[in-house]
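Text of data-v3.cif (mmCIF, C-alpha atoms) as supplied:
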```cif
data_upload
#
loop_
_atom_site.group_PDB
_atom_site.id
_atom_site.type_symbol
_atom_site.label_atom_id
_atom_site.label_comp_id
_atom_site.auth_asym_id
_atom_site.auth_seq_id
_atom_site.Cartn_x
_atom_site.Cartn_y
_atom_site.Cartn_z
ATOM 1 C CA MET A 1 -18.617 -2.064 15.628
ATOM 2 C CA THR A 2 -17.922 0.003 18.701
ATOM 3 C CA SER A 3 -14.193 0.120 18.072
ATOM 4 C CA GLU A 4 -14.768 1.703 14.668
ATOM 5 C CA ILE A 5 -17.079 4.333 16.108
ATOM 6 C CA ASN A 6 -14.497 4.968 18.730
ATOM 7 C CA SER A 7 -11.573 5.328 16.384
ATOM 8 C CA ALA A 8 -13.606 7.600 14.117
ATOM 9 C CA ALA A 9 -14.504 9.812 17.050
ATOM 10 C CA ILE A 10 -11.055 9.938 18.554
ATOM 11 C CA GLY A 11 -9.448 10.181 15.129
ATOM 12 C CA ARG A 12 -5.707 10.369 15.126
ATOM 13 C CA GLU A 13 -5.382 11.384 18.718
ATOM 14 C CA THR A 14 -3.339 9.004 20.778
ATOM 15 C CA THR A 15 -4.724 7.480 23.939
ATOM 16 C CA ALA A 16 -2.318 9.663 25.889
ATOM 17 C CA ASP A 17 -3.768 12.813 24.279
ATOM 18 C CA VAL A 18 -7.296 11.729 25.088
ATOM 19 C CA ILE A 19 -6.374 11.023 28.692
ATOM 20 C CA ALA A 20 -4.673 14.427 28.964
ATOM 21 C CA ARG A 21 -7.847 16.107 27.705
ATOM 22 C CA ILE A 22 -10.021 14.193 30.158
ATOM 23 C CA LEU A 23 -7.745 15.210 33.022
ATOM 24 C CA ALA A 24 -7.929 18.797 31.775
ATOM 25 C CA GLY A 25 -11.702 18.714 32.175
ATOM 26 C CA ASP A 26 -13.136 17.218 28.989
ATOM 27 C CA THR A 27 -14.507 14.354 31.045
ATOM 28 C CA GLN A 28 -17.081 13.204 28.480
ATOM 29 C CA LEU A 29 -14.210 11.756 26.443
ATOM 30 C CA PHE A 30 -13.938 9.029 29.048
ATOM 31 C CA HIS A 31 -16.908 7.341 27.377
ATOM 32 C CA GLN A 32 -14.936 6.988 24.151
ATOM 33 C CA LEU A 33 -11.738 6.016 25.884
ATOM 34 C CA ILE A 34 -13.214 2.905 27.456
ATOM 35 C CA LYS A 35 -15.323 1.661 24.526
ATOM 36 C CA PRO A 36 -12.606 -0.657 23.135
ATOM 37 C CA VAL A 37 -11.996 -2.334 26.511
ATOM 38 C CA GLU A 38 -15.560 -2.739 27.780
ATOM 39 C CA ARG A 39 -15.918 -6.214 26.411
ATOM 40 C CA ALA A 40 -12.566 -7.494 27.694
ATOM 41 C CA VAL A 41 -13.288 -6.158 31.184
ATOM 42 C CA TYR A 42 -16.701 -7.803 31.262
ATOM 43 C CA VAL A 43 -15.368 -11.147 30.012
ATOM 44 C CA MET A 44 -12.511 -11.075 32.520
ATOM 45 C CA LEU A 45 -14.946 -10.520 35.384
ATOM 46 C CA TYR A 46 -17.431 -13.052 34.096
ATOM 47 C CA MET A 47 -14.684 -15.667 33.993
ATOM 48 C CA LEU A 48 -13.540 -14.768 37.472
ATOM 49 C CA LEU A 49 -16.962 -14.470 39.117
ATOM 50 C CA ARG A 50 -18.920 -16.788 36.800
ATOM 51 C CA ASN A 51 -22.085 -14.789 37.231
ATOM 52 C CA GLU A 52 -23.453 -12.207 34.801
ATOM 53 C CA THR A 53 -24.907 -9.779 37.333
ATOM 54 C CA ASP A 54 -21.804 -9.761 39.521
ATOM 55 C CA ALA A 55 -19.570 -9.362 36.467
ATOM 56 C CA GLU A 56 -21.591 -6.372 35.281
ATOM 57 C CA ASP A 57 -21.583 -4.716 38.731
ATOM 58 C CA ILE A 58 -17.845 -5.116 39.189
ATOM 59 C CA ALA A 59 -17.224 -3.973 35.592
ATOM 60 C CA GLN A 60 -19.017 -0.715 36.442
ATOM 61 C CA GLU A 61 -16.964 -0.364 39.638
ATOM 62 C CA THR A 62 -13.806 -1.014 37.621
ATOM 63 C CA PHE A 63 -14.490 1.824 35.174
ATOM 64 C CA ILE A 64 -15.453 4.225 37.957
ATOM 65 C CA LYS A 65 -12.220 3.379 39.717
ATOM 66 C CA ALA A 66 -10.261 3.788 36.478
ATOM 67 C CA TYR A 67 -11.817 7.222 36.002
ATOM 68 C CA ARG A 68 -11.059 8.358 39.532
ATOM 69 C CA ASN A 69 -7.491 7.092 39.268
ATOM 70 C CA LEU A 70 -6.830 8.239 35.737
ATOM 71 C CA HIS A 71 -4.197 10.694 36.967
ATOM 72 C CA ASN A 72 -2.214 7.679 38.194
ATOM 73 C CA PHE A 73 -2.079 6.102 34.767
ATOM 74 C CA ARG A 74 1.468 6.058 33.460
ATOM 75 C CA GLY A 75 1.979 5.717 29.762
ATOM 76 C CA GLU A 76 4.446 2.811 30.120
ATOM 77 C CA ALA A 77 1.581 0.327 30.017
ATOM 78 C CA LYS A 78 -1.243 0.321 27.520
ATOM 79 C CA PHE A 79 -4.484 1.764 28.809
ATOM 80 C CA SER A 80 -6.239 -1.576 28.172
ATOM 81 C CA THR A 81 -3.658 -3.468 30.223
ATOM 82 C CA TRP A 82 -4.001 -0.964 33.048
ATOM 83 C CA VAL A 83 -7.798 -1.247 33.123
ATOM 84 C CA LEU A 84 -7.695 -5.044 32.975
ATOM 85 C CA THR A 85 -5.335 -5.053 35.953
ATOM 86 C CA ILE A 86 -7.827 -2.921 37.882
ATOM 87 C CA ALA A 87 -10.664 -5.243 36.823
ATOM 88 C CA ARG A 88 -8.801 -8.315 38.000
ATOM 89 C CA ASN A 89 -7.954 -6.729 41.347
ATOM 90 C CA GLU A 90 -11.536 -5.587 41.827
ATOM 91 C CA GLY A 91 -12.792 -9.073 40.971
ATOM 92 C CA LEU A 92 -10.351 -10.771 43.323
ATOM 93 C CA GLY A 93 -11.173 -8.286 46.072
ATOM 94 C CA TRP A 94 -14.863 -8.981 45.629
ATOM 95 C CA LEU A 95 -14.270 -12.736 45.827
ATOM 96 C CA ARG A 96 -12.192 -12.317 48.963
ATOM 97 C CA LYS A 97 -14.822 -10.127 50.578
ATOM 98 C CA ARG A 98 -17.572 -12.536 49.804
ATOM 99 C CA SER A 99 -15.332 -15.576 50.277
ATOM 100 C CA ALA A 100 -18.466 -17.426 49.389
ATOM 101 C CA ARG A 101 -16.646 -19.568 46.918
ATOM 102 C CA PRO A 102 -13.764 -21.063 48.833
ATOM 103 C CA GLU A 103 -13.912 -23.982 46.441
ATOM 104 C CA GLU A 104 -12.203 -21.798 43.915
ATOM 105 C CA PRO A 105 -9.103 -20.062 45.185
ATOM 106 C CA LEU A 106 -7.328 -18.207 42.435
ATOM 107 C CA GLU A 107 -3.869 -18.836 43.768
ATOM 108 C CA PRO A 108 -2.233 -21.774 42.045
ATOM 109 C CA VAL A 109 -4.043 -24.800 43.358
ATOM 110 C CA LEU A 110 -2.045 -27.146 41.239
ATOM 111 C CA ASP A 111 1.588 -27.820 41.543
ATOM 112 C CA GLU A 112 2.519 -26.490 38.143
ATOM 113 C CA SER A 113 4.861 -29.356 37.461
ATOM 114 C CA ARG A 114 2.142 -31.955 37.931
ATOM 115 C CA GLY A 115 -0.908 -32.815 35.936
ATOM 116 C CA ASP A 116 -1.640 -34.563 32.700
ATOM 117 C CA PHE A 117 -1.101 -32.276 29.779
ATOM 118 C CA THR A 118 -1.295 -34.844 27.006
ATOM 119 C CA PRO A 119 -3.533 -33.880 24.102
ATOM 120 C CA ALA A 120 -6.392 -36.006 22.828
ATOM 121 C CA LEU A 121 -4.898 -38.238 20.171
ATOM 122 C CA LEU A 122 -6.597 -38.648 16.831
ATOM 123 C CA THR A 123 -5.578 -39.419 13.304
ATOM 124 C CA ASP A 124 -7.551 -36.907 11.315
ATOM 125 C CA TRP A 125 -9.348 -33.672 11.979
ATOM 126 C CA ARG A 126 -12.190 -32.133 10.046
ATOM 127 C CA GLU A 127 -12.177 -28.414 10.707
ATOM 128 C CA VAL A 128 -15.100 -26.806 12.503
ATOM 129 C CA PRO A 129 -15.539 -23.488 10.658
ATOM 130 C CA PRO A 130 -16.387 -20.242 12.501
ATOM 131 C CA GLU A 131 -19.869 -20.288 10.897
ATOM 132 C CA ALA A 132 -20.695 -23.218 13.176
ATOM 133 C CA LEU A 133 -20.678 -20.710 16.060
ATOM 134 C CA GLU A 134 -24.122 -19.618 14.897
ATOM 135 C CA ARG A 135 -25.268 -22.667 16.848
ATOM 136 C CA LYS A 136 -25.822 -21.921 20.493
ATOM 137 C CA GLU A 137 -24.910 -25.481 21.527
ATOM 138 C CA LEU A 138 -21.415 -24.958 20.157
ATOM 139 C CA ARG A 139 -20.997 -21.580 21.855
ATOM 140 C CA ASP A 140 -22.149 -23.128 25.131
ATOM 141 C CA CYS A 141 -19.706 -26.033 24.795
ATOM 142 C CA LEU A 142 -16.791 -23.644 24.308
ATOM 143 C CA CYS A 143 -17.893 -21.411 27.187
ATOM 144 C CA GLN A 144 -18.271 -24.341 29.535
ATOM 145 C CA ALA A 145 -14.910 -25.825 28.577
ATOM 146 C CA ILE A 146 -13.150 -22.534 29.317
ATOM 147 C CA LEU A 147 -15.009 -22.024 32.594
ATOM 148 C CA LYS A 148 -14.049 -25.542 33.659
ATOM 149 C CA LEU A 149 -10.339 -24.771 33.442
ATOM 150 C CA PRO A 150 -8.548 -24.137 36.729
ATOM 151 C CA PRO A 151 -8.496 -20.341 37.289
ATOM 152 C CA ILE A 152 -4.784 -19.851 36.641
ATOM 153 C CA TYR A 153 -5.203 -21.365 33.186
ATOM 154 C CA ARG A 154 -8.547 -19.756 32.453
ATOM 155 C CA GLU A 155 -7.250 -16.230 32.891
ATOM 156 C CA VAL A 156 -4.277 -16.826 30.606
ATOM 157 C CA VAL A 157 -6.575 -18.182 27.884
ATOM 158 C CA GLN A 158 -8.813 -15.172 28.265
ATOM 159 C CA LEU A 159 -6.057 -12.592 27.988
ATOM 160 C CA ARG A 160 -4.031 -14.290 25.245
ATOM 161 C CA ASP A 161 -6.589 -16.075 23.089
ATOM 162 C CA ILE A 162 -9.795 -14.133 23.689
ATOM 163 C CA ASP A 163 -8.566 -10.573 24.274
ATOM 164 C CA GLU A 164 -5.490 -11.200 22.123
ATOM 165 C CA LEU A 165 -3.047 -9.430 24.406
ATOM 166 C CA ASP A 166 0.595 -10.238 23.755
ATOM 167 C CA VAL A 167 2.717 -12.320 26.133
ATOM 168 C CA GLN A 168 4.279 -9.295 27.833
ATOM 169 C CA GLU A 169 0.945 -7.553 28.395
ATOM 170 C CA THR A 170 -0.588 -10.754 29.751
ATOM 171 C CA ALA A 171 2.353 -11.209 32.112
ATOM 172 C CA SER A 172 1.941 -7.650 33.316
ATOM 173 C CA VAL A 173 -1.801 -7.973 34.041
ATOM 174 C CA LEU A 174 -1.280 -11.247 35.925
ATOM 175 C CA GLY A 175 1.940 -10.266 37.667
ATOM 176 C CA ILE A 176 3.788 -13.345 36.399
ATOM 177 C CA THR A 177 6.747 -13.866 34.065
ATOM 178 C CA PRO A 178 6.368 -14.176 30.277
ATOM 179 C CA GLY A 179 7.732 -17.721 30.625
ATOM 180 C CA SER A 180 4.891 -18.646 32.984
ATOM 181 C CA VAL A 181 2.374 -17.150 30.572
ATOM 182 C CA LYS A 182 3.656 -19.441 27.817
ATOM 183 C CA VAL A 183 3.706 -22.549 30.005
ATOM 184 C CA ARG A 184 0.191 -21.921 31.311
ATOM 185 C CA LEU A 185 -1.174 -21.105 27.886
ATOM 186 C CA HIS A 186 0.288 -24.282 26.454
ATOM 187 C CA ARG A 187 -1.277 -26.379 29.198
ATOM 188 C CA ALA A 188 -4.586 -24.579 28.937
ATOM 189 C CA ARG A 189 -4.794 -25.099 25.186
ATOM 190 C CA THR A 190 -3.910 -28.769 25.601
ATOM 191 C CA MET A 191 -6.616 -29.211 28.252
ATOM 192 C CA LEU A 192 -9.134 -27.473 26.011
ATOM 193 C CA GLN A 193 -8.165 -29.583 23.011
ATOM 194 C CA LYS A 194 -8.599 -32.733 25.092
ATOM 195 C CA GLU A 195 -11.949 -31.614 26.442
ATOM 196 C CA LEU A 196 -13.325 -30.255 23.184
ATOM 197 C CA VAL A 197 -12.147 -32.677 20.506
ATOM 198 C CA PRO A 198 -14.861 -35.280 21.244
ATOM 199 C CA VAL A 199 -17.515 -32.553 21.377
ATOM 200 C CA LEU A 200 -16.398 -30.559 18.351
ATOM 201 C CA LYS A 201 -16.392 -33.591 16.071
ATOM 202 C CA SER A 202 -20.172 -33.451 15.824
ATOM 203 C CA PHE A 203 -20.037 -29.820 14.654
ATOM 204 C CA ALA A 204 -17.719 -30.460 11.714
ATOM 205 C CA PRO A 205 -19.545 -30.253 8.416
ATOM 206 C CA ALA A 206 -19.765 -33.418 6.362
ATOM 207 C CA THR A 207 -17.332 -32.988 3.525
ATOM 208 C CA LYS A 208 -18.965 -35.382 1.145
ATOM 209 C CA ARG A 209 -21.590 -38.047 1.066
ATOM 210 C CA GLY A 210 -21.083 -41.552 -0.150
ATOM 211 C CA TRP A 211 -23.612 -43.863 -1.758
ATOM 212 C CA PHE A 212 -26.992 -44.057 -0.081
ATOM 213 C CA GLY A 213 -26.376 -40.668 1.489
ATOM 214 C CA ARG A 214 -24.049 -42.069 4.125
ATOM 215 C CA ARG A 215 -21.351 -39.784 5.403
ATOM 216 C CA VAL A 216 -17.905 -40.905 4.491
ATOM 217 C CA MET B 217 18.087 -33.787 15.722
ATOM 218 C CA LYS B 218 15.100 -36.006 15.231
ATOM 219 C CA ILE B 219 12.099 -35.367 17.415
ATOM 220 C CA ASP B 220 9.350 -37.683 18.590
ATOM 221 C CA CYS B 221 5.605 -37.077 19.040
ATOM 222 C CA LYS B 222 5.842 -36.102 22.705
ATOM 223 C CA HIS B 223 8.434 -33.517 21.866
ATOM 224 C CA VAL B 224 6.155 -32.081 19.182
ATOM 225 C CA TRP B 225 3.206 -31.858 21.614
ATOM 226 C CA GLN B 226 5.344 -29.845 24.029
ATOM 227 C CA HIS B 227 5.790 -27.199 21.384
ATOM 228 C CA ILE B 228 2.309 -27.137 19.840
ATOM 229 C CA SER B 229 1.236 -23.912 21.520
ATOM 230 C CA ALA B 230 4.483 -22.083 20.723
ATOM 231 C CA TYR B 231 4.327 -23.435 17.175
ATOM 232 C CA ILE B 232 0.823 -22.018 16.708
ATOM 233 C CA ASP B 233 2.022 -18.647 17.993
ATOM 234 C CA GLY B 234 5.057 -18.660 15.688
ATOM 235 C CA ASP B 235 7.221 -18.680 18.795
ATOM 236 C CA VAL B 236 9.694 -21.462 17.912
ATOM 237 C CA ASP B 237 13.075 -20.897 16.318
ATOM 238 C CA ALA B 238 13.681 -21.755 12.665
ATOM 239 C CA ASP B 239 15.530 -25.026 13.341
ATOM 240 C CA LEU B 240 12.874 -26.405 15.635
ATOM 241 C CA ARG B 241 10.108 -25.290 13.282
ATOM 242 C CA ALA B 242 11.778 -27.115 10.404
ATOM 243 C CA GLU B 243 12.152 -30.216 12.566
ATOM 244 C CA ILE B 244 8.496 -30.106 13.603
ATOM 245 C CA ASP B 245 7.404 -29.544 9.991
ATOM 246 C CA ARG B 246 9.395 -32.597 8.901
ATOM 247 C CA HIS B 247 7.755 -34.659 11.638
ATOM 248 C CA LEU B 248 4.277 -33.427 10.708
ATOM 249 C CA GLU B 249 4.746 -34.518 7.111
ATOM 250 C CA HIS B 250 4.709 -38.180 8.044
ATOM 251 C CA CYS B 251 2.878 -38.212 11.406
ATOM 252 C CA GLU B 252 -0.885 -38.069 11.023
ATOM 253 C CA ILE B 253 -1.468 -38.062 14.788
ATOM 254 C CA CYS B 254 0.639 -34.960 15.420
ATOM 255 C CA SER B 255 -0.896 -33.275 12.368
ATOM 256 C CA ALA B 256 -4.384 -33.926 13.717
ATOM 257 C CA VAL B 257 -3.377 -32.759 17.216
ATOM 258 C CA LEU B 258 -1.997 -29.550 15.744
ATOM 259 C CA ASP B 259 -5.024 -28.945 13.491
ATOM 260 C CA SER B 260 -7.537 -29.591 16.267
ATOM 261 C CA THR B 261 -5.669 -27.411 18.771
ATOM 262 C CA ARG B 262 -5.447 -24.571 16.267
ATOM 263 C CA ASN B 263 -9.147 -25.006 15.489
ATOM 264 C CA VAL B 264 -10.002 -24.718 19.206
ATOM 265 C CA VAL B 265 -7.848 -21.584 19.563
ATOM 266 C CA ILE B 266 -9.540 -19.917 16.575
ATOM 267 C CA LEU B 267 -13.070 -20.748 17.728
ATOM 268 C CA MET B 268 -12.401 -19.510 21.263
ATOM 269 C CA ALA B 269 -11.206 -16.151 19.997
ATOM 270 C CA ASP B 270 -14.555 -15.524 18.295
ATOM 271 C CA GLU B 271 -16.592 -12.749 19.894
ATOM 272 C CA ARG B 272 -19.754 -14.827 19.680
ATOM 273 C CA VAL B 273 -18.544 -17.306 22.323
ATOM 274 C CA PHE B 274 -18.911 -14.935 25.258
ATOM 275 C CA GLU B 275 -21.988 -12.793 24.924
ATOM 276 C CA ILE B 276 -22.215 -9.482 26.706
ATOM 277 C CA PRO B 277 -25.587 -9.039 28.469
ATOM 278 C CA SER B 278 -27.932 -6.919 26.432
ATOM 279 C CA GLY B 279 -27.919 -3.289 27.585
ATOM 280 C CA PHE B 280 -24.566 -3.734 29.373
ATOM 281 C CA SER B 281 -22.922 -0.804 27.629
ATOM 282 C CA GLU B 282 -25.911 1.523 28.009
ATOM 283 C CA ARG B 283 -26.174 0.838 31.743
ATOM 284 C CA LEU B 284 -22.432 1.305 32.186
ATOM 285 C CA HIS B 285 -22.361 4.663 30.406
ATOM 286 C CA ARG B 286 -25.478 5.885 32.197
ATOM 287 C CA ARG B 287 -23.845 5.117 35.533
ATOM 288 C CA LEU B 288 -20.614 6.776 34.396
ATOM 289 C CA ASP B 289 -22.520 9.897 33.398
ATOM 290 C CA ALA B 290 -23.487 10.415 37.012
ATOM 291 C CA VAL B 291 -19.873 9.959 38.088
ATOM 292 C CA LEU B 292 -18.454 12.187 35.324
ATOM 293 C CA ALA B 293 -20.869 14.938 36.313
ATOM 294 C CA GLN B 294 -19.066 15.171 39.654
ATOM 295 C CA GLY B 295 -15.804 15.979 37.884
ATOM 296 C CA LEU B 296 -12.374 14.691 38.779
ATOM 297 C CA ALA B 297 -12.191 15.948 42.324
ATOM 298 C CA GLY B 298 -9.229 13.812 43.281
ATOM 299 C CA GLY B 299 -7.332 14.322 40.023
#
```

Please render this file's structure as structure tokens.
Amino acid sequence: MTSEINSAAIGRETTADVIARILAGDTQLFHQLIKPVERAVYVMLYMLLRNETDAEDIAQETFIKAYRNLHNFRGEAKFSTWVLTIARNEGLGWLRKRSARPEEPLEPVLDESRGDFTPALLTDWREVPPEALERKELRDCLCQAILKLPPIYREVVQLRDIDELDVQETASVLGITPGSVKVRLHRARTMLQKELVPVLKSFAPATKRGWFGRRV
Amino acid sequence: MKIDCKHVWQHISAYIDGDVDADLRAEIDRHLEHCEICSAVLDSTRNVVILMADERVFEIPSGFSERLHRRLDAVLAQGLAGG
């Protein structure tokens, strides 16, 4: 895994030490510094731009910008949070410049107090284990469900549930309050549960078979 | 305090994150013991959250990292003029 390679290479040095060395001229260390956040930056931009090529281009621009502005990084935030903030701003800037997708403004399009946030109701649930993700159909279903969320919910899901940032870090990247992060995450998870429950059912393994090989 | 299903649904996300206080958690746990609907809603929501977090869901294009670092090499070679 890249993060292991990275931690082995950087050893016990803190991120702040590594950044200080880069600023002092050991610029090659920048490669190691960004390894752990490459994936999160790409996924953030893919979710925002919904196109692989654009996401990759803007991810490259993001890291170049982060490098050129490294002297502005203040240790109060985590480096990952700082880079994700740059990525989001770059992505939004790109969307504004293109304004080719006016159908998807990122500003809250929904009155946050409205909407149906009732979960899908069911009486039993057979767990879909992570091994089921070996099936591309399942991965595609999950991807599509997340991409279908309104942008303000999609980005909270990405930062909290996919990148596993904490509430405070998520709030800081998005420029909203921790309370809003929690409300949006709750709604997003409910929408995803509602959307995915009917689909996921078919991916749950049969627990046992009854007579004549019928599933029970 | 006795809570109903709707009340439980409002707290599902916080419950999954361990972000409810002890009293409310105990109340929700008591409700879950006898309510199969809320139990299934909780289990399915948690299942969705776990699956989504898996790295396999969003694939990075092949060669992404190599292309990124190659491009950065050219930039790093110029040094940190502004810094």

Point to revise | Target residues per the PyMOL selection byres ((chain B) within 9 of (chain A)), formatted as a PyMOL selection string | key: chain B and resi 222+225-230+251-257+259-277+280-281+283-285+287-289+291-293+295-299

Point to revise | Non-local contacts of A:Ile58 (8 Å; all atoms listed in the file; under 4 positions in same chain excluded) as a PyMOL selection string | key: chain A and resi 45+54+62+87+90-91

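The spacing separating atom CA of B:Gln294 from atom CA of A:Val18 amounts to 19.0 Å.
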
Practice item. Output the residue selection produced by the PyMOL selection byres ((chain A and resi 169) around 10) on the file above, formatted as an MDAnalysis selection string. Key: chainID A and resid 77:78 80:82 159:160 164:168 170:175 178 181

**Study point:** One-decimal distance in Å that lies between atom CA of A:Leu92 and atom CA of A:Gly75
**Key:**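 Atom-to-atom, atom CA of A:Gly75 to atom CA of A:Leu92, that is 24.7 Å.
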
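Our summary of the geometry notes that atom CA of A:Glu155 is positioned 29.6 Å from atom CA of B:Ala238.
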
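With all atoms listed in the file as the atoms that count, the minimum distance from A:Arg184 to the choices A:Leu33, A:Leu149, A:Val41, A:Ala204 is reached by A:Leu149.
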